[in-house]
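Coordinates as given in input20.tsv (TSV, C-alpha atoms):
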chain	number	residue	atom	x	y	z
Z	1	MET	CA	30.43	30.47	-65.50
Z	2	ASP	CA	31.50	27.91	-68.14
Z	3	ILE	CA	29.27	26.04	-70.59
Z	4	TYR	CA	29.04	22.99	-68.31
Z	5	ASP	CA	27.64	25.12	-65.46
Z	6	PHE	CA	25.22	26.74	-67.91
Z	7	LYS	CA	23.91	23.38	-69.13
Z	8	ASN	CA	23.69	22.08	-65.58
Z	9	ALA	CA	21.71	25.15	-64.43
Z	10	PHE	CA	19.33	25.01	-67.40
Z	11	LEU	CA	18.64	21.29	-66.81
Z	12	ILE	CA	17.86	21.94	-63.14
Z	13	GLY	CA	15.29	24.53	-64.24
Z	14	PHE	CA	13.86	22.10	-66.80
Z	15	PHE	CA	13.44	19.25	-64.30
Z	16	MET	CA	12.02	21.59	-61.65
Z	17	ALA	CA	9.22	22.55	-64.03
Z	18	PHE	CA	8.08	18.91	-64.02
Z	19	MET	CA	8.11	18.44	-60.26
Z	20	ILE	CA	4.54	17.23	-59.65
Z	21	GLY	CA	2.76	19.31	-57.05
Z	22	PRO	CA	-0.05	21.84	-56.51
Z	23	VAL	CA	1.69	24.53	-58.60
Z	24	PHE	CA	2.04	22.13	-61.57
Z	25	PHE	CA	-1.67	21.30	-61.63
Z	26	LYS	CA	-2.81	24.86	-60.95
Z	27	LEU	CA	-0.71	26.11	-63.86
Z	28	ILE	CA	-2.23	23.54	-66.25
Z	29	GLN	CA	-5.74	24.26	-64.94
Z	30	THR	CA	-5.32	28.01	-65.31
Z	31	SER	CA	-4.08	27.68	-68.88
Z	32	ILE	CA	-6.98	25.39	-69.88
Z	33	PHE	CA	-9.83	27.29	-68.24
Z	34	LYS	CA	-8.58	30.89	-68.22
Z	35	GLY	CA	-6.18	31.07	-71.14
Z	36	ALA	CA	-2.45	31.42	-71.74
Z	37	ARG	CA	-2.20	35.03	-70.52
Z	38	ALA	CA	-3.77	34.16	-67.19
Z	39	ALA	CA	-1.44	31.17	-66.83
Z	40	ILE	CA	1.59	33.35	-67.60
Z	41	ALA	CA	0.50	35.86	-64.93
Z	42	PHE	CA	0.14	32.98	-62.44
Z	43	ASP	CA	3.53	31.55	-63.45
Z	44	LEU	CA	5.28	34.90	-63.01
Z	45	GLY	CA	4.04	34.87	-59.42
Z	46	VAL	CA	5.40	31.34	-58.96
Z	47	ILE	CA	8.78	32.41	-60.36
Z	48	LEU	CA	8.89	35.41	-58.02
Z	49	GLY	CA	8.27	32.99	-55.15
Z	50	ASP	CA	11.27	30.94	-56.28
Z	51	VAL	CA	13.43	34.07	-56.54
Z	52	THR	CA	12.39	35.00	-53.00
Z	53	PHE	CA	13.39	31.55	-51.74
Z	54	ILE	CA	16.74	31.74	-53.57
Z	55	LEU	CA	17.51	35.09	-51.93
Z	56	ILE	CA	16.53	33.77	-48.50
Z	57	ALA	CA	18.64	30.63	-48.98
Z	58	TYR	CA	21.63	32.57	-50.34
Z	59	TYR	CA	21.80	35.43	-47.85
Z	60	GLY	CA	20.70	33.22	-44.96
Z	61	SER	CA	23.56	30.78	-45.51
Z	62	ARG	CA	26.25	33.02	-47.06
Z	63	SER	CA	28.32	33.53	-43.90
Z	64	LEU	CA	28.27	29.79	-43.20
Z	65	LEU	CA	29.23	28.95	-46.78
Z	66	GLU	CA	32.15	31.39	-46.70
Z	67	LYS	CA	33.57	29.54	-43.69
Z	68	ILE	CA	33.18	26.00	-45.01
Z	69	LYS	CA	33.36	26.42	-48.81
Z	70	ASP	CA	36.52	24.29	-49.03
Z	71	ASP	CA	35.26	21.66	-46.60
Z	72	PRO	CA	34.42	18.38	-48.43
Z	73	ARG	CA	31.76	17.70	-45.80
Z	74	LEU	CA	29.71	20.46	-47.45
Z	75	PHE	CA	29.15	18.25	-50.50
Z	76	PHE	CA	28.20	15.38	-48.23
Z	77	ILE	CA	25.56	17.52	-46.50
Z	78	GLY	CA	24.24	18.95	-49.79
Z	79	GLY	CA	24.09	15.47	-51.31
Z	80	LEU	CA	22.28	14.14	-48.27
Z	81	VAL	CA	19.66	16.91	-48.59
Z	82	LEU	CA	19.02	15.97	-52.22
Z	83	ILE	CA	18.89	12.24	-51.43
Z	84	ILE	CA	16.32	12.79	-48.65
Z	85	TYR	CA	14.27	15.05	-50.93
Z	86	GLY	CA	14.48	12.41	-53.67
Z	87	LEU	CA	13.38	9.61	-51.33
Z	88	ILE	CA	10.39	11.65	-50.17
Z	89	THR	CA	9.47	12.34	-53.80
Z	90	TYR	CA	9.89	8.67	-54.75
Z	91	PHE	CA	7.85	7.19	-51.92
Z	92	ASN	CA	5.07	9.79	-51.71
Z	93	LYS	CA	2.14	7.54	-52.66
Z	94	GLN	CA	-0.51	10.03	-51.56
Z	95	ASN	CA	0.26	12.18	-54.59
Z	96	LYS	CA	-1.34	9.59	-56.92
Z	97	LYS	CA	-4.79	10.12	-55.36
Z	98	GLU	CA	-4.35	13.91	-55.15
Z	99	ALA	CA	-3.29	14.04	-58.81
Z	100	LEU	CA	-6.50	12.35	-59.91
Z	101	GLU	CA	-8.66	14.70	-57.85
Z	102	LYS	CA	-6.89	17.84	-59.05
Z	103	SER	CA	-6.81	16.80	-62.70
Z	104	ASN	CA	-10.60	16.41	-62.71
Z	105	ILE	CA	-11.42	19.85	-61.32
Z	106	ILE	CA	-13.56	21.92	-63.64
Z	107	GLU	CA	-13.67	25.69	-63.24
Z	108	VAL	CA	-16.27	28.04	-64.64
Z	109	PRO	CA	-14.60	30.65	-66.86
Z	110	ILE	CA	-14.69	34.14	-65.35
Z	111	LYS	CA	-13.14	37.49	-66.17
Z	112	ASN	CA	-9.44	37.26	-65.43
Z	113	ASN	CA	-7.80	39.35	-62.73
Z	114	TYR	CA	-4.15	39.07	-63.70
Z	115	LEU	CA	-2.81	40.75	-60.57
Z	116	LYS	CA	-4.81	38.37	-58.39
Z	117	LEU	CA	-3.51	35.39	-60.38
Z	118	PHE	CA	0.04	36.70	-60.00
Z	119	PHE	CA	-0.24	36.87	-56.21
Z	120	LYS	CA	-2.03	33.51	-56.11
Z	121	GLY	CA	0.95	31.93	-57.90
Z	122	TYR	CA	3.39	33.67	-55.56
Z	123	PHE	CA	1.73	32.60	-52.33
Z	124	LEU	CA	0.90	29.07	-53.51
Z	125	ASN	CA	4.62	28.56	-54.16
Z	126	PHE	CA	5.82	30.53	-51.13
Z	127	ILE	CA	3.86	28.51	-48.56
Z	128	ASN	CA	5.58	25.31	-49.71
Z	129	VAL	CA	8.48	24.96	-47.25
Z	130	GLY	CA	9.79	22.01	-49.27
Z	131	VAL	CA	10.67	24.44	-52.08
Z	132	LEU	CA	12.83	26.47	-49.68
Z	133	ALA	CA	14.58	23.28	-48.55
Z	134	PHE	CA	15.25	22.39	-52.20
Z	135	TRP	CA	16.73	25.80	-53.00
Z	136	LEU	CA	18.79	25.75	-49.81
Z	137	GLY	CA	20.28	22.41	-50.86
Z	138	ILE	CA	21.14	23.81	-54.31
Z	139	VAL	CA	22.69	26.98	-52.85
Z	140	VAL	CA	24.76	24.99	-50.35
Z	141	VAL	CA	26.17	22.85	-53.16
Z	142	VAL	CA	26.53	25.40	-55.96
Z	143	GLY	CA	27.90	28.38	-53.99
Z	144	PRO	CA	31.28	26.84	-53.09
Z	145	THR	CA	31.76	25.31	-56.57
Z	146	LEU	CA	31.53	28.86	-57.97
Z	147	ASP	CA	33.95	30.16	-55.28
Z	148	MET	CA	31.11	32.18	-53.75
Z	149	ASN	CA	31.47	34.65	-56.63
Z	150	PRO	CA	28.27	36.78	-56.56
Z	151	THR	CA	28.30	37.36	-60.34
Z	152	SER	CA	28.70	33.66	-61.17
Z	153	ILE	CA	26.05	32.69	-58.63
Z	154	PHE	CA	23.67	35.30	-60.05
Z	155	TRP	CA	24.05	34.00	-63.61
Z	156	TYR	CA	23.80	30.38	-62.48
Z	157	PHE	CA	20.44	30.90	-60.77
Z	158	ALA	CA	19.26	33.26	-63.52
Z	159	THR	CA	19.86	30.36	-65.94
Z	160	VAL	CA	17.95	27.97	-63.65
Z	161	ILE	CA	14.99	30.36	-63.60
Z	162	LEU	CA	15.25	30.82	-67.39
Z	163	GLY	CA	15.11	27.05	-67.94
Z	164	TYR	CA	12.17	26.83	-65.54
Z	165	ALA	CA	10.30	29.70	-67.24
Z	166	ILE	CA	10.82	28.41	-70.80
Z	167	THR	CA	9.64	24.92	-69.82
Z	168	ASP	CA	6.60	26.35	-68.04
Z	169	LEU	CA	5.76	28.39	-71.15
Z	170	GLY	CA	5.81	25.16	-73.15
Z	171	LYS	CA	3.50	23.53	-70.58
Z	172	ILE	CA	1.12	26.47	-70.83
Z	173	LEU	CA	0.95	26.27	-74.63
Z	174	LEU	CA	0.48	22.49	-74.56
Z	175	ALA	CA	-1.84	22.45	-71.54
Z	176	LYS	CA	-4.77	20.65	-73.19
Z	177	GLN	CA	-2.56	17.86	-74.49
Z	178	LEU	CA	-0.84	17.59	-71.10
Z	179	LYS	CA	-4.19	17.36	-69.32
Z	180	ASN	CA	-5.17	14.33	-71.39
Z	181	LYS	CA	-1.78	12.64	-70.97
Z	182	MET	CA	-1.21	13.31	-67.25
Z	183	THR	CA	-3.11	10.31	-65.95
Z	184	PRO	CA	-2.55	9.25	-62.31
Z	185	GLN	CA	-0.33	6.39	-63.53
Z	186	VAL	CA	1.85	8.74	-65.59
Z	187	ILE	CA	2.08	11.22	-62.73
Z	188	TYR	CA	3.11	8.47	-60.35
Z	189	LYS	CA	5.84	7.31	-62.74
Z	190	VAL	CA	7.11	10.86	-63.32
Z	191	LYS	CA	7.39	11.45	-59.59
Z	192	ARG	CA	9.36	8.25	-59.11
Z	193	ILE	CA	11.71	9.14	-61.99
Z	194	MET	CA	12.27	12.62	-60.51
Z	195	GLY	CA	12.96	11.03	-57.14
Z	196	ILE	CA	15.57	8.72	-58.69
Z	197	ILE	CA	17.24	11.65	-60.49
Z	198	LEU	CA	17.48	13.62	-57.23
Z	199	ILE	CA	18.92	10.59	-55.41
Z	200	VAL	CA	21.54	10.03	-58.14
Z	201	CYS	CA	22.50	13.72	-58.07
Z	202	GLY	CA	22.82	13.53	-54.30
Z	203	VAL	CA	25.12	10.49	-54.54
Z	204	PHE	CA	27.36	12.25	-57.08
Z	205	LEU	CA	27.55	15.32	-54.83
Z	206	MET	CA	28.61	13.15	-51.91
Z	207	LEU	CA	31.32	11.54	-54.04
Z	208	LYS	CA	32.52	14.97	-55.17
Z	209	GLY	CA	33.52	15.72	-51.59
Z	210	PHE	CA	35.96	12.81	-51.62
Z	211	ILE	CA	37.14	12.74	-55.25
Z	212	PRO	CA	39.61	15.41	-56.51
Z	213	ASN	CA	38.06	17.99	-58.87
Z	214	ASP	CA	40.54	17.20	-61.68
Z	215	LYS	CA	39.40	13.56	-61.69
Z	216	ILE	CA	35.74	14.64	-61.88
Z	217	ASP	CA	36.51	17.04	-64.74
Z	218	GLU	CA	38.28	14.25	-66.67
Z	219	PHE	CA	35.25	11.97	-66.20
Z	220	ILE	CA	32.75	14.66	-67.30
Z	221	HIS	CA	34.68	15.89	-70.31
What is this structure when it is put down as structure tokens?
Amino acid sequence: MDIYDFKNAFLIGFFMAFMIGPVFFKLIQTSIFKGARAAIAFDLGVILGDVTFILIAYYGSRSLLEKIKDDPRLFFIGGLVLIIYGLITYFNKQNKKEALEKSNIIEVPIKNNYLKLFFKGYFLNFINVGVLAFWLGIVVVVGPTLDMNPTSIFWYFATVILGYAITDLGKILLAKQLKNKMTPQVIYKVKRIMGIILIVCGVFLMLKGFIPNDKIDEFIH
């Protein structure tokens, strides 16, 4: 895996950490009301949920990817998945109201059960089918670009998870400041920006299926 793939994977992990949803707010809440250790335990559960989804997406689609890895239509399909996901993220107006309600929840501090928090993070992430769809889209696109090499794919997704984990650790440490800054208006804007980024990525993936790789490499470098 070259340095471009490494940067790309790390940035995916970084942006994922700012996808506004129930896990985002629960992580901030946990850090504020139960402390950084509790939030880290919760986040480890969330990360395990993502790893589970990656394994499901990878092994569930591996045989299909092996057959069509050189088919340009694969990039079209992967790009379409990201565009649809981006459009849903961009136009989801209901999140604005939910964000306000969740950001105002006050919890009474209690003795932390780290194992319980770990499993709570795991299941809260695991029940979100949209996360599986996201990972499936990434696997479908990334696998063929890495020639379905298991080692390269492993390090690519390990880097994604690393970027995600480091960003989440920053969110945990800055939770109180984030709570004050994450107003409904800011949340709404962040979601729309993330939606636009996903749509743009989807468009580029579609184009990659029809533009020779050497031309893309010249443009990037």
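Note that atom CA of Gly170 of chain Z and atom CA of Phe157 of chain Z are 20.0 Å apart.
Near Tyr122 of chain Z, within 9 Å and counting only C-alpha atoms, sit Phe42, Asp43, Leu44, Gly45, Val46, Ile47, Leu48, Gly49, Asp50, Leu117, Phe118, Phe119, Lys120, Leu124, Asn125, Phe126 and Ile127 of chain Z; same-chain residues fewer than 2 positions away were not included.
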Please identify all polymer residues within 10 Å of Ala57 of chain Z, counting only C-alpha atoms, omitting same-chain residues fewer than 3 positions from it, and present them as a CSV table (one decimal) with C-alpha atoms, in the coordinates of the input.
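The new file selection17.csv reads:
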chain,number,residue,atom,x,y,z
Z,51,VAL,CA,13.4,34.1,-56.5
Z,52,THR,CA,12.4,35.0,-53.0
Z,53,PHE,CA,13.4,31.6,-51.7
Z,54,ILE,CA,16.7,31.7,-53.6
Z,60,GLY,CA,20.7,33.2,-45.0
Z,61,SER,CA,23.6,30.8,-45.5
Z,62,ARG,CA,26.2,33.0,-47.1
Z,132,LEU,CA,12.8,26.5,-49.7
Z,133,ALA,CA,14.6,23.3,-48.6
Z,134,PHE,CA,15.2,22.4,-52.2
Z,135,TRP,CA,16.7,25.8,-53.0
Z,136,LEU,CA,18.8,25.8,-49.8
Z,137,GLY,CA,20.3,22.4,-50.9
Z,138,ILE,CA,21.1,23.8,-54.3
Z,139,VAL,CA,22.7,27.0,-52.8
Z,140,VAL,CA,24.8,25.0,-50.4
For segment 21-34 of chain Z, I'd like the enclosing box, axis-aligned and padded by 4 Å on every side, reported as JSON with centre and edge lengths in Å to one decimal.
{"center_x": -3.5, "center_y": 25.1, "center_z": -63.2, "size_x": 20.6, "size_y": 19.6, "size_z": 21.4}
Gly13 of chain Z: which residues within 9 Å, counting only C-alpha atoms, same-chain residues fewer than 5 positions away excluded, as an mmCIF file with C-alpha atoms, in the frame of the given file?
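Done, and the output landed in selection18.cif:
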data_model
loop_
_atom_site.group_PDB
_atom_site.id
_atom_site.type_symbol
_atom_site.label_atom_id
_atom_site.label_comp_id
_atom_site.auth_asym_id
_atom_site.auth_seq_id
_atom_site.Cartn_x
_atom_site.Cartn_y
_atom_site.Cartn_z
ATOM 1 C CA ASN Z 8 23.690 22.080 -65.580
ATOM 2 C CA PHE Z 157 20.440 30.900 -60.770
ATOM 3 C CA THR Z 159 19.860 30.360 -65.940
ATOM 4 C CA VAL Z 160 17.950 27.970 -63.650
ATOM 5 C CA ILE Z 161 14.990 30.360 -63.600
ATOM 6 C CA LEU Z 162 15.250 30.820 -67.390
ATOM 7 C CA GLY Z 163 15.110 27.050 -67.940
ATOM 8 C CA TYR Z 164 12.170 26.830 -65.540
ATOM 9 C CA ALA Z 165 10.300 29.700 -67.240
ATOM 10 C CA ILE Z 166 10.820 28.410 -70.800
ATOM 11 C CA THR Z 167 9.640 24.920 -69.820
#
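Atom CA of Arg192 of chain Z is found 8.9 Å from atom CA of Leu87 of chain Z.
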* Structure fact -> Across Z:Thr30, Z:Asn149, Z:Gln177, Z:Gln185, the smallest distance to Gly121 of chain Z, with only C-alpha atoms counted, is shown by Z:Thr30
* Test item: residues at most 9 Å from Val203 of chain Z, all atoms listed in the file, excluding those fewer than 3 positions along its chain, as JSON, numbers by chain -> {"Z": [76, 79, 80, 82, 83, 198, 199, 200, 206, 207, 208]}
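The residue that comes closest to Asn113 of chain Z, out of Z:Val81, Z:Ala175, Z:Ala41, Z:Ile193 and on the basis of all atoms listed in the file, is Z:Ala41.
Take atom CA of Gly195 of chain Z and atom CA of Met16 of chain Z: the distance between them is 11.5 Å.
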